[in-house]
$ cat input_26.pdb   # PDB, C-alpha atoms and all ligand atoms
ATOM      1  CA  MET A   1       0.000   0.000   0.000  1.00  0.00           C
ATOM      2  CA  TYR A   2       1.063   3.578  -0.483  1.00  0.00           C
ATOM      3  CA  LEU A   3       2.496   5.267   2.610  1.00  0.00           C
ATOM      4  CA  THR A   4      -0.471   7.656   2.647  1.00  0.00           C
ATOM      5  CA  VAL A   5      -2.824   4.696   3.133  1.00  0.00           C
ATOM      6  CA  HIS A   6      -0.585   3.201   5.828  1.00  0.00           C
ATOM      7  CA  ALA A   7      -0.483   6.624   7.526  1.00  0.00           C
ATOM      8  CA  ALA A   8      -4.274   6.756   7.518  1.00  0.00           C
ATOM      9  CA  SER A   9      -4.247   3.428   9.378  1.00  0.00           C
ATOM     10  CA  ALA A  10      -2.121   5.152  12.060  1.00  0.00           C
ATOM     11  CA  LEU A  11      -5.008   7.601  12.484  1.00  0.00           C
ATOM     12  CA  GLY A  12      -7.300   4.608  12.956  1.00  0.00           C
ATOM     13  CA  ILE A  13      -4.958   3.076  15.567  1.00  0.00           C
ATOM     14  CA  ILE A  14      -4.810   6.171  17.756  1.00  0.00           C
ATOM     15  CA  THR A  15      -8.598   6.225  17.998  1.00  0.00           C
ATOM     16  CA  PHE A  16      -8.333   3.283  20.414  1.00  0.00           C
ATOM     17  CA  SER A  17      -4.659   3.044  21.478  1.00  0.00           C
ATOM     18  CA  HIS A  18      -3.305   5.757  23.720  1.00  0.00           C
ATOM     19  CA  LYS A  19       0.090   4.301  24.689  1.00  0.00           C
ATOM     20  CA  PRO A  20       2.981   5.013  22.272  1.00  0.00           C
ATOM     21  CA  LEU A  21       4.607   1.563  22.612  1.00  0.00           C
ATOM     22  CA  LEU A  22       1.292  -0.176  21.976  1.00  0.00           C
ATOM     23  CA  SER A  23       0.598   2.138  19.023  1.00  0.00           C
ATOM     24  CA  LEU A  24       4.037   1.337  17.558  1.00  0.00           C
ATOM     25  CA  ILE A  25       3.441  -2.428  17.812  1.00  0.00           C
ATOM     26  CA  LEU A  26      -0.129  -2.152  16.513  1.00  0.00           C
ATOM     27  CA  GLY A  27       1.206  -0.005  13.666  1.00  0.00           C
ATOM     28  CA  ILE A  28       3.607  -2.752  12.588  1.00  0.00           C
ATOM     29  CA  ILE A  29       0.874  -5.407  12.838  1.00  0.00           C
ATOM     30  CA  MET A  30      -1.555  -3.162  10.938  1.00  0.00           C
ATOM     31  CA  HIS A  31       1.009  -2.693   8.176  1.00  0.00           C
ATOM     32  CA  PHE A  32       1.151  -6.423   7.528  1.00  0.00           C
ATOM     33  CA  LEU A  33      -2.643  -6.790   7.807  1.00  0.00           C
ATOM     34  CA  LEU A  34      -3.036  -4.173   5.080  1.00  0.00           C
ATOM     35  CA  ASP A  35      -0.320  -5.811   2.995  1.00  0.00           C
ATOM     36  CA  LEU A  36      -2.442  -8.998   3.003  1.00  0.00           C
ATOM     37  CA  ILE A  37      -5.029  -7.183   0.853  1.00  0.00           C
ATOM     38  CA  PRO A  38      -4.060  -7.291  -2.841  1.00  0.00           C
ATOM     39  CA  HIS A  39      -3.191  -3.684  -3.692  1.00  0.00           C
ATOM     40  CA  ASP A  40      -0.162  -3.341  -5.976  1.00  0.00           C
ATOM     41  CA  PRO A  41      -0.898  -2.316  -9.571  1.00  0.00           C
ATOM     42  CA  LEU A  42       0.403  -4.768 -12.157  1.00  0.00           C
ATOM     43  CA  GLU A  43       1.136  -1.888 -14.528  1.00  0.00           C
ATOM     44  CA  LEU A  44       3.517  -0.284 -12.020  1.00  0.00           C
ATOM     45  CA  ASP A  45       5.525  -3.498 -11.777  1.00  0.00           C
ATOM     46  CA  GLN A  46       5.800  -3.704 -15.564  1.00  0.00           C
ATOM     47  CA  TRP A  47       6.766  -0.028 -15.812  1.00  0.00           C
ATOM     48  CA  MET A  48       9.551  -0.593 -13.272  1.00  0.00           C
ATOM     49  CA  LYS A  49      11.163  -3.382 -15.300  1.00  0.00           C
ATOM     50  CA  LYS A  50      13.033  -0.755 -17.376  1.00  0.00           C
ATOM     51  CA  ASN A  51      15.509   1.641 -15.670  1.00  0.00           C
ATOM     52  CA  TYR A  52      14.677  -0.032 -12.375  1.00  0.00           C
ATOM     53  CA  TRP A  53      16.629   2.194  -9.980  1.00  0.00           C
ATOM     54  CA  SER A  54      15.611   5.588 -11.373  1.00  0.00           C
ATOM     55  CA  ARG A  55      11.975   4.463 -11.495  1.00  0.00           C
ATOM     56  CA  PHE A  56      12.198   2.933  -8.027  1.00  0.00           C
ATOM     57  CA  LEU A  57      13.563   6.218  -6.629  1.00  0.00           C
ATOM     58  CA  THR A  58      10.833   8.142  -8.497  1.00  0.00           C
ATOM     59  CA  ILE A  59       8.178   6.001  -6.792  1.00  0.00           C
ATOM     60  CA  VAL A  60       9.838   6.464  -3.375  1.00  0.00           C
ATOM     61  CA  PHE A  61       9.934  10.240  -3.953  1.00  0.00           C
ATOM     62  CA  ILE A  62       6.257  10.354  -5.038  1.00  0.00           C
ATOM     63  CA  ASP A  63       5.201   8.096  -2.143  1.00  0.00           C
ATOM     64  CA  PHE A  64       6.890  10.256   0.508  1.00  0.00           C
ATOM     65  CA  SER A  65       5.713  13.515  -1.154  1.00  0.00           C
ATOM     66  CA  ALA A  66       2.121  12.212  -1.251  1.00  0.00           C
ATOM     67  CA  LEU A  67       2.459  11.213   2.414  1.00  0.00           C
ATOM     68  CA  PHE A  68       3.603  14.680   3.539  1.00  0.00           C
ATOM     69  CA  CYS A  69       1.080  16.490   1.289  1.00  0.00           C
ATOM     70  CA  SER A  70      -1.795  14.343   2.532  1.00  0.00           C
ATOM     71  CA  LEU A  71      -0.808  14.868   6.192  1.00  0.00           C
ATOM     72  CA  PHE A  72      -0.628  18.609   5.523  1.00  0.00           C
ATOM     73  CA  LEU A  73      -4.051  18.648   3.809  1.00  0.00           C
ATOM     74  CA  LEU A  74      -5.667  16.407   6.442  1.00  0.00           C
ATOM     75  CA  ASN A  75      -4.325  18.738   9.099  1.00  0.00           C
ATOM     76  CA  LEU A  76      -6.091  21.669   7.417  1.00  0.00           C
ATOM     77  CA  PHE A  77      -9.320  19.659   7.344  1.00  0.00           C
ATOM     78  CA  LYS A  78      -9.038  18.385  10.904  1.00  0.00           C
ATOM     79  CA  PRO A  79      -6.022  19.157  13.117  1.00  0.00           C
ATOM     80  CA  LEU A  80      -3.863  16.041  13.524  1.00  0.00           C
ATOM     81  CA  PRO A  81      -2.747  15.192  17.047  1.00  0.00           C
ATOM     82  CA  ILE A  82       0.925  16.120  17.248  1.00  0.00           C
ATOM     83  CA  ASN A  83       2.036  13.819  20.082  1.00  0.00           C
ATOM     84  CA  TRP A  84       4.204  10.773  20.799  1.00  0.00           C
ATOM     85  CA  ASN A  85       1.287   8.390  20.394  1.00  0.00           C
ATOM     86  CA  PHE A  86       0.544   9.509  16.826  1.00  0.00           C
ATOM     87  CA  LEU A  87       4.253   9.637  15.962  1.00  0.00           C
ATOM     88  CA  ALA A  88       4.740   6.074  17.314  1.00  0.00           C
ATOM     89  CA  ALA A  89       1.758   4.779  15.310  1.00  0.00           C
ATOM     90  CA  LEU A  90       3.068   6.565  12.194  1.00  0.00           C
ATOM     91  CA  ILE A  91       6.538   5.043  12.626  1.00  0.00           C
ATOM     92  CA  GLY A  92       4.993   1.599  13.194  1.00  0.00           C
ATOM     93  CA  VAL A  93       2.861   1.644  10.050  1.00  0.00           C
ATOM     94  CA  ALA A  94       5.722   2.951   7.878  1.00  0.00           C
ATOM     95  CA  LEU A  95       8.598   0.926   9.378  1.00  0.00           C
ATOM     96  CA  PRO A  96       8.129  -2.359   7.450  1.00  0.00           C
ATOM     97  CA  ASP A  97       8.282  -0.544   4.084  1.00  0.00           C
ATOM     98  CA  VAL A  98      11.236   1.594   5.204  1.00  0.00           C
ATOM     99  CA  ILE A  99      13.131  -1.580   6.246  1.00  0.00           C
ATOM    100  CA  TRP A 100      12.113  -3.184   2.931  1.00  0.00           C
ATOM    101  CA  GLY A 101      13.473  -0.115   1.081  1.00  0.00           C
ATOM    102  CA  ILE A 102      16.754  -0.240   3.019  1.00  0.00           C
ATOM    103  CA  GLY A 103      16.943  -3.950   2.156  1.00  0.00           C
ATOM    104  CA  LYS A 104      16.847  -3.016  -1.538  1.00  0.00           C
ATOM    105  CA  ILE A 105      19.944  -0.835  -1.109  1.00  0.00           C
ATOM    106  CA  VAL A 106      21.934  -2.619   1.621  1.00  0.00           C
ATOM    107  CA  GLU A 107      22.808  -6.293   1.315  1.00  0.00           C
ATOM    108  CA  LEU A 108      22.349  -7.951   4.688  1.00  0.00           C
ATOM    109  CA  LYS A 109      21.161 -11.473   5.439  1.00  0.00           C
ATOM    110  CA  ILE A 110      18.570 -10.308   7.973  1.00  0.00           C
ATOM    111  CA  LEU A 111      17.193  -7.750   5.485  1.00  0.00           C
ATOM    112  CA  GLU A 112      16.936 -10.492   2.831  1.00  0.00           C
ATOM    113  CA  LYS A 113      14.889 -12.582   5.268  1.00  0.00           C
ATOM    114  CA  PHE A 114      12.690  -9.604   6.024  1.00  0.00           C
ATOM    115  CA  LYS A 115      12.117  -8.906   2.295  1.00  0.00           C
ATOM    116  CA  LYS A 116      11.117 -12.562   1.795  1.00  0.00           C
ATOM    117  CA  PHE A 117       8.650 -12.325   4.695  1.00  0.00           C
ATOM    118  CA  HIS A 118       7.258  -9.036   3.342  1.00  0.00           C
ATOM    119  CA  LEU A 119       6.699 -10.602  -0.096  1.00  0.00           C
ATOM    120  CA  TRP A 120       5.207 -13.734   1.509  1.00  0.00           C
ATOM    121  CA  VAL A 121       2.596 -11.568   3.281  1.00  0.00           C
ATOM    122  CA  HIS A 122       1.770  -9.808  -0.021  1.00  0.00           C
ATOM    123  CA  ARG A 123       1.175 -13.173  -1.710  1.00  0.00           C
ATOM    124  CA  LEU A 124      -0.557 -15.023   1.128  1.00  0.00           C
ATOM    125  CA  LEU A 125      -4.188 -14.322   0.135  1.00  0.00           C
ATOM    126  CA  TRP A 126      -3.609 -13.528  -3.532  1.00  0.00           C
ATOM    127  CA  PRO A 127      -0.528 -15.354  -4.888  1.00  0.00           C
ATOM    128  CA  PRO A 128      -0.213 -13.273  -8.091  1.00  0.00           C
ATOM    129  CA  SER A 129       0.055 -10.337  -5.630  1.00  0.00           C
ATOM    130  CA  ASP A 130      -0.541  -7.666  -8.301  1.00  0.00           C
ATOM    131  CA  ILE A 131      -3.922  -6.514  -9.610  1.00  0.00           C
ATOM    132  CA  GLY A 132      -5.061  -4.129 -12.341  1.00  0.00           C
ATOM    133  CA  TRP A 133      -4.584  -0.436 -11.522  1.00  0.00           C
ATOM    134  CA  PRO A 134      -8.332   0.442 -11.299  1.00  0.00           C
ATOM    135  CA  TYR A 135      -8.752  -2.213  -8.570  1.00  0.00           C
ATOM    136  CA  ALA A 136      -5.564  -1.105  -6.838  1.00  0.00           C
ATOM    137  CA  LEU A 137      -6.760   2.507  -6.838  1.00  0.00           C
ATOM    138  CA  LEU A 138     -10.206   1.496  -5.573  1.00  0.00           C
ATOM    139  CA  ILE A 139      -8.833  -0.705  -2.755  1.00  0.00           C
ATOM    140  CA  GLN A 140      -6.274   1.858  -1.621  1.00  0.00           C
ATOM    141  CA  THR A 141      -8.785   4.735  -1.732  1.00  0.00           C
ATOM    142  CA  ALA A 142     -11.425   2.728   0.148  1.00  0.00           C
ATOM    143  CA  THR A 143      -8.869   1.726   2.817  1.00  0.00           C
ATOM    144  CA  PHE A 144      -7.773   5.336   3.186  1.00  0.00           C
ATOM    145  CA  ILE A 145     -11.379   6.567   3.541  1.00  0.00           C
ATOM    146  CA  PHE A 146     -12.186   3.821   6.065  1.00  0.00           C
ATOM    147  CA  PHE A 147      -9.355   4.781   8.440  1.00  0.00           C
ATOM    148  CA  PHE A 148      -9.781   8.514   7.966  1.00  0.00           C
ATOM    149  CA  SER A 149     -13.497   8.127   8.783  1.00  0.00           C
ATOM    150  CA  LEU A 150     -12.581   6.311  12.020  1.00  0.00           C
ATOM    151  CA  PHE A 151     -10.344   9.232  12.910  1.00  0.00           C
ATOM    152  CA  ILE A 152     -13.042  11.815  12.063  1.00  0.00           C
ATOM    153  CA  ALA A 153     -15.669   9.850  14.009  1.00  0.00           C
ATOM    154  CA  PHE A 154     -13.715   9.025  17.144  1.00  0.00           C
ATOM    155  CA  ILE A 155     -11.098  11.691  17.740  1.00  0.00           C
ATOM    156  CA  LYS A 156     -12.658  14.696  19.371  1.00  0.00           C
ATOM    157  CA  LYS A 157     -10.593  17.811  19.164  1.00  0.00           C
TER     158      LYS A 157
HETATM  159 ZN    ZN A 201       4.575  -3.311   3.183  1.00  0.00          ZN
END
$ encode --input "input_26.pdb" --output "structure tokens" --more "lines below"
Ligand SMILES: [Zn+2]
Amino acid sequence: MYLTVHAASALGIITFSHKPLLSLILGIIMHFLLDLIPHDPLELDQWMKKNYWSRFLTIVFIDFSALFCSLFLLNLFKPLPINWNFLAALIGVALPDVIWGIGKIVELKILEKFKKFHLWVHRLLWPPSDIGWPYALLIQTATFIFFFSLFIAFIKK
């Protein structure tokens, strides 16, 4: 899932978890739960087959830019809680993909094992893993709306 969608799940987590350590752990678990849902567009994978590294870095740049822009826009719509609990949840939901990204650059046995596990989760429910982009867009948007609605409904500020 895109980091923006994972970040939205952090907003869902803090609606019921108020301890930073718990939010961090729940964030990591939530990341893998979301990764179980087929969500990666097939077309993106095919596009990345050429000039892999420049396209990979382009995606990373877009993903992080979209994350910061969406947090900024959400904050205008409804002020985000700037506290350790939210930060911990945010780190938890993003951490698995950050480790995965580091594993693409740095060659370490433990990172290889982690990448295998990450891929295994992606393929557990839907072995082809990838889906057509309209479905990917629909699933990611629906997931984002679901978690953002939880936040809107349950966080009073
Ligand atoms: Zn992931």
$ closest_residue --input "input_26.pdb" --among "A:Ala66, A:Val60, A:Leu124, A:Leu74" --to "Asp35 (chain A)" --atoms "all atoms listed in the file"
A:Leu124
$ residues_near_point --input "input_26.pdb" --point "(-8.0, -14.3, 2.4)" --cutoff "12 Å" --atoms "only C-alpha atoms" --output "JSON, numbers by chain"
{"A": [33, 34, 35, 36, 37, 38, 121, 122, 123, 124, 125, 126, 127]}
$ closest_atom_pairs --input "input_26.pdb" --of "chain A" --to "ligand ZN 201 (chain A)" --cutoff "9 Å" --atoms "all atoms listed in the file" --output "CSV"
residue,atom,partner,partner_atom,distance
A:Met1,CA,A:ZN201,ZN,6.5
A:Tyr2,CA,A:ZN201,ZN,8.6
A:Leu3,CA,A:ZN201,ZN,8.8
A:His6,CA,A:ZN201,ZN,8.7
A:His31,CA,A:ZN201,ZN,6.2
A:Phe32,CA,A:ZN201,ZN,6.3
A:Leu34,CA,A:ZN201,ZN,7.9
A:Asp35,CA,A:ZN201,ZN,5.5
A:Val93,CA,A:ZN201,ZN,8.6
A:Ala94,CA,A:ZN201,ZN,7.9
A:Leu95,CA,A:ZN201,ZN,8.5
A:Pro96,CA,A:ZN201,ZN,5.6
A:Asp97,CA,A:ZN201,ZN,4.7
A:Val98,CA,A:ZN201,ZN,8.5
A:Trp100,CA,A:ZN201,ZN,7.5
A:His118,CA,A:ZN201,ZN,6.3
A:Leu119,CA,A:ZN201,ZN,8.3
A:Val121,CA,A:ZN201,ZN,8.5
A:His122,CA,A:ZN201,ZN,7.8
$ closest_residue --input "input_26.pdb" --among "A:Leu44, A:Cys69, A:Leu80, A:Leu90" --to "Ile152 (chain A)" --atoms "all atoms listed in the file"
A:Leu80
$ closest_residue --input "input_26.pdb" --among "A:Ile131, A:Ala89, A:Leu26, A:Ile62" --to "Leu11 (chain A)" --atoms "all atoms listed in the file"
A:Ala89
$ atom_distance --input "input_26.pdb" --atom1 "CA of Ala136 (chain A)" --atom2 "CA of Thr4 (chain A)"
13.9 Å
$ atom_distance --input "input_26.pdb" --atom1 "CA of Ala8 (chain A)" --atom2 "CA of Tyr52 (chain A)"
28.3 Å
$ resolve_selection --input "input_26.pdb" --expression "the PyMOL selection byres (((chain A and resi 15) around 7) and not hetatm)" --output "list in words"
Leu11, Gly12, Ile13, Ile14, Phe16, Ser17, Phe151, Phe154 and Ile155 of chain A
$ closest_residue --input "input_26.pdb" --among "A:Leu71, A:Phe56, A:Phe117, A:Ala10" --to "Asn85 (chain A)" --atoms "only C-alpha atoms"
A:Ala10
$ atom_distance --input "input_26.pdb" --atom1 "CA of Leu150 (chain A)" --atom2 "CA of Leu138 (chain A)"
18.4 Å
$ closest_residue --input "input_26.pdb" --among "A:Val5, A:Trp47, A:Ser129, A:Gly92" --to "Leu67 (chain A)" --atoms "all atoms listed in the file"
A:Val5
$ decode --input "input_26.pdb" --residues "region 29-73 of chain A" --atoms "N, CA and C atoms" --output "PDB file, in the first residue's frame"
ATOM      1  N   ILE A  29       1.838  -4.339  13.134  1.00  0.00           N
ATOM      2  CA  ILE A  29       0.874  -5.407  12.838  1.00  0.00           C
ATOM      3  C   ILE A  29      -0.115  -4.944  11.759  1.00  0.00           C
ATOM      4  N   MET A  30      -0.602  -3.713  11.911  1.00  0.00           N
ATOM      5  CA  MET A  30      -1.555  -3.162  10.938  1.00  0.00           C
ATOM      6  C   MET A  30      -0.948  -3.089   9.536  1.00  0.00           C
ATOM      7  N   HIS A  31       0.346  -2.763   9.478  1.00  0.00           N
ATOM      8  CA  HIS A  31       1.009  -2.693   8.176  1.00  0.00           C
ATOM      9  C   HIS A  31       0.881  -4.034   7.446  1.00  0.00           C
ATOM     10  N   PHE A  32       1.191  -5.109   8.169  1.00  0.00           N
ATOM     11  CA  PHE A  32       1.151  -6.423   7.528  1.00  0.00           C
ATOM     12  C   PHE A  32      -0.280  -6.868   7.236  1.00  0.00           C
ATOM     13  N   LEU A  33      -1.235  -6.471   8.088  1.00  0.00           N
ATOM     14  CA  LEU A  33      -2.643  -6.790   7.807  1.00  0.00           C
ATOM     15  C   LEU A  33      -3.085  -6.120   6.502  1.00  0.00           C
ATOM     16  N   LEU A  34      -2.669  -4.872   6.316  1.00  0.00           N
ATOM     17  CA  LEU A  34      -3.036  -4.173   5.080  1.00  0.00           C
ATOM     18  C   LEU A  34      -2.316  -4.755   3.875  1.00  0.00           C
ATOM     19  N   ASP A  35      -1.075  -5.218   4.099  1.00  0.00           N
ATOM     20  CA  ASP A  35      -0.320  -5.811   2.995  1.00  0.00           C
ATOM     21  C   ASP A  35      -0.922  -7.146   2.541  1.00  0.00           C
ATOM     22  N   LEU A  36      -1.750  -7.750   3.394  1.00  0.00           N
ATOM     23  CA  LEU A  36      -2.442  -8.998   3.003  1.00  0.00           C
ATOM     24  C   LEU A  36      -3.450  -8.738   1.878  1.00  0.00           C
ATOM     25  N   ILE A  37      -4.019  -7.534   1.861  1.00  0.00           N
ATOM     26  CA  ILE A  37      -5.029  -7.183   0.853  1.00  0.00           C
ATOM     27  C   ILE A  37      -4.313  -6.912  -0.467  1.00  0.00           C
ATOM     28  N   PRO A  38      -4.737  -7.572  -1.558  1.00  0.00           N
ATOM     29  CA  PRO A  38      -4.060  -7.291  -2.841  1.00  0.00           C
ATOM     30  C   PRO A  38      -4.216  -5.805  -3.196  1.00  0.00           C
ATOM     31  N   HIS A  39      -3.117  -5.139  -3.505  1.00  0.00           N
ATOM     32  CA  HIS A  39      -3.191  -3.684  -3.692  1.00  0.00           C
ATOM     33  C   HIS A  39      -2.176  -3.108  -4.672  1.00  0.00           C
ATOM     34  N   ASP A  40      -1.198  -3.902  -5.105  1.00  0.00           N
ATOM     35  CA  ASP A  40      -0.162  -3.341  -5.976  1.00  0.00           C
ATOM     36  C   ASP A  40      -0.572  -3.424  -7.442  1.00  0.00           C
ATOM     37  N   PRO A  41      -0.519  -2.274  -8.151  1.00  0.00           N
ATOM     38  CA  PRO A  41      -0.898  -2.316  -9.571  1.00  0.00           C
ATOM     39  C   PRO A  41       0.126  -3.053 -10.429  1.00  0.00           C
ATOM     40  N   LEU A  42      -0.385  -3.973 -11.212  1.00  0.00           N
ATOM     41  CA  LEU A  42       0.403  -4.768 -12.157  1.00  0.00           C
ATOM     42  C   LEU A  42       1.206  -3.865 -13.096  1.00  0.00           C
ATOM     43  N   GLU A  43       0.543  -2.796 -13.540  1.00  0.00           N
ATOM     44  CA  GLU A  43       1.136  -1.888 -14.528  1.00  0.00           C
ATOM     45  C   GLU A  43       2.394  -1.210 -13.968  1.00  0.00           C
ATOM     46  N   LEU A  44       2.371  -0.935 -12.655  1.00  0.00           N
ATOM     47  CA  LEU A  44       3.517  -0.284 -12.020  1.00  0.00           C
ATOM     48  C   LEU A  44       4.729  -1.220 -12.043  1.00  0.00           C
ATOM     49  N   ASP A  45       4.471  -2.486 -11.767  1.00  0.00           N
ATOM     50  CA  ASP A  45       5.525  -3.498 -11.777  1.00  0.00           C
ATOM     51  C   ASP A  45       6.155  -3.618 -13.166  1.00  0.00           C
ATOM     52  N   GLN A  46       5.293  -3.596 -14.188  1.00  0.00           N
ATOM     53  CA  GLN A  46       5.800  -3.704 -15.564  1.00  0.00           C
ATOM     54  C   GLN A  46       6.586  -2.455 -15.951  1.00  0.00           C
ATOM     55  N   TRP A  47       6.095  -1.299 -15.511  1.00  0.00           N
ATOM     56  CA  TRP A  47       6.766  -0.028 -15.812  1.00  0.00           C
ATOM     57  C   TRP A  47       8.154   0.008 -15.176  1.00  0.00           C
ATOM     58  N   MET A  48       8.277  -0.633 -13.996  1.00  0.00           N
ATOM     59  CA  MET A  48       9.551  -0.593 -13.272  1.00  0.00           C
ATOM     60  C   MET A  48      10.591  -1.574 -13.812  1.00  0.00           C
ATOM     61  N   LYS A  49      10.199  -2.407 -14.770  1.00  0.00           N
ATOM     62  CA  LYS A  49      11.163  -3.382 -15.300  1.00  0.00           C
ATOM     63  C   LYS A  49      12.302  -2.706 -16.059  1.00  0.00           C
ATOM     64  N   LYS A  50      12.003  -1.529 -16.665  1.00  0.00           N
ATOM     65  CA  LYS A  50      13.033  -0.755 -17.376  1.00  0.00           C
ATOM     66  C   LYS A  50      13.594   0.283 -16.404  1.00  0.00           C
ATOM     67  N   ASN A  51      14.862   0.615 -16.512  1.00  0.00           N
ATOM     68  CA  ASN A  51      15.509   1.641 -15.670  1.00  0.00           C
ATOM     69  C   ASN A  51      15.088   1.490 -14.213  1.00  0.00           C
ATOM     70  N   TYR A  52      15.248   0.286 -13.678  1.00  0.00           N
ATOM     71  CA  TYR A  52      14.677  -0.032 -12.375  1.00  0.00           C
ATOM     72  C   TYR A  52      14.989   1.000 -11.300  1.00  0.00           C
ATOM     73  N   TRP A  53      16.270   1.347 -11.121  1.00  0.00           N
ATOM     74  CA  TRP A  53      16.629   2.194  -9.980  1.00  0.00           C
ATOM     75  C   TRP A  53      16.087   3.608 -10.080  1.00  0.00           C
ATOM     76  N   SER A  54      16.137   4.216 -11.276  1.00  0.00           N
ATOM     77  CA  SER A  54      15.611   5.588 -11.373  1.00  0.00           C
ATOM     78  C   SER A  54      14.096   5.571 -11.176  1.00  0.00           C
ATOM     79  N   ARG A  55      13.427   4.545 -11.675  1.00  0.00           N
ATOM     80  CA  ARG A  55      11.975   4.463 -11.495  1.00  0.00           C
ATOM     81  C   ARG A  55      11.612   4.115 -10.055  1.00  0.00           C
ATOM     82  N   PHE A  56      12.429   3.274  -9.433  1.00  0.00           N
ATOM     83  CA  PHE A  56      12.198   2.933  -8.027  1.00  0.00           C
ATOM     84  C   PHE A  56      12.311   4.192  -7.161  1.00  0.00           C
ATOM     85  N   LEU A  57      13.372   4.988  -7.415  1.00  0.00           N
ATOM     86  CA  LEU A  57      13.563   6.218  -6.629  1.00  0.00           C
ATOM     87  C   LEU A  57      12.461   7.233  -6.919  1.00  0.00           C
ATOM     88  N   THR A  58      11.954   7.259  -8.151  1.00  0.00           N
ATOM     89  CA  THR A  58      10.833   8.142  -8.497  1.00  0.00           C
ATOM     90  C   THR A  58       9.608   7.779  -7.669  1.00  0.00           C
ATOM     91  N   ILE A  59       9.331   6.467  -7.570  1.00  0.00           N
ATOM     92  CA  ILE A  59       8.178   6.001  -6.792  1.00  0.00           C
ATOM     93  C   ILE A  59       8.349   6.352  -5.312  1.00  0.00           C
ATOM     94  N   VAL A  60       9.570   6.138  -4.786  1.00  0.00           N
ATOM     95  CA  VAL A  60       9.838   6.464  -3.375  1.00  0.00           C
ATOM     96  C   VAL A  60       9.601   7.955  -3.142  1.00  0.00           C
ATOM     97  N   PHE A  61      10.101   8.792  -4.077  1.00  0.00           N
ATOM     98  CA  PHE A  61       9.934  10.240  -3.953  1.00  0.00           C
ATOM     99  C   PHE A  61       8.448  10.613  -3.976  1.00  0.00           C
ATOM    100  N   ILE A  62       7.693  10.049  -4.923  1.00  0.00           N
ATOM    101  CA  ILE A  62       6.257  10.354  -5.038  1.00  0.00           C
ATOM    102  C   ILE A  62       5.522   9.874  -3.782  1.00  0.00           C
ATOM    103  N   ASP A  63       5.876   8.673  -3.312  1.00  0.00           N
ATOM    104  CA  ASP A  63       5.201   8.096  -2.143  1.00  0.00           C
ATOM    105  C   ASP A  63       5.390   8.982  -0.903  1.00  0.00           C
ATOM    106  N   PHE A  64       6.635   9.400  -0.663  1.00  0.00           N
ATOM    107  CA  PHE A  64       6.890  10.256   0.508  1.00  0.00           C
ATOM    108  C   PHE A  64       6.270  11.645   0.325  1.00  0.00           C
ATOM    109  N   SER A  65       6.321  12.204  -0.900  1.00  0.00           N
ATOM    110  CA  SER A  65       5.713  13.515  -1.154  1.00  0.00           C
ATOM    111  C   SER A  65       4.215  13.444  -0.918  1.00  0.00           C
ATOM    112  N   ALA A  66       3.574  12.376  -1.430  1.00  0.00           N
ATOM    113  CA  ALA A  66       2.121  12.212  -1.251  1.00  0.00           C
ATOM    114  C   ALA A  66       1.802  12.083   0.233  1.00  0.00           C
ATOM    115  N   LEU A  67       2.665  11.372   0.971  1.00  0.00           N
ATOM    116  CA  LEU A  67       2.459  11.213   2.414  1.00  0.00           C
ATOM    117  C   LEU A  67       2.465  12.576   3.117  1.00  0.00           C
ATOM    118  N   PHE A  68       3.510  13.385   2.854  1.00  0.00           N
ATOM    119  CA  PHE A  68       3.603  14.680   3.539  1.00  0.00           C
ATOM    120  C   PHE A  68       2.495  15.633   3.083  1.00  0.00           C
ATOM    121  N   CYS A  69       2.168  15.626   1.787  1.00  0.00           N
ATOM    122  CA  CYS A  69       1.080  16.490   1.289  1.00  0.00           C
ATOM    123  C   CYS A  69      -0.249  16.079   1.915  1.00  0.00           C
ATOM    124  N   SER A  70      -0.500  14.775   1.992  1.00  0.00           N
ATOM    125  CA  SER A  70      -1.795  14.343   2.532  1.00  0.00           C
ATOM    126  C   SER A  70      -1.889  14.670   4.018  1.00  0.00           C
ATOM    127  N   LEU A  71      -0.777  14.513   4.769  1.00  0.00           N
ATOM    128  CA  LEU A  71      -0.808  14.868   6.192  1.00  0.00           C
ATOM    129  C   LEU A  71      -1.069  16.366   6.352  1.00  0.00           C
ATOM    130  N   PHE A  72      -0.442  17.155   5.482  1.00  0.00           N
ATOM    131  CA  PHE A  72      -0.628  18.609   5.523  1.00  0.00           C
ATOM    132  C   PHE A  72      -2.088  18.965   5.231  1.00  0.00           C
ATOM    133  N   LEU A  73      -2.659  18.347   4.188  1.00  0.00           N
ATOM    134  CA  LEU A  73      -4.051  18.648   3.809  1.00  0.00           C
ATOM    135  C   LEU A  73      -5.041  18.155   4.864  1.00  0.00           C
TER     136      LEU A  73
END
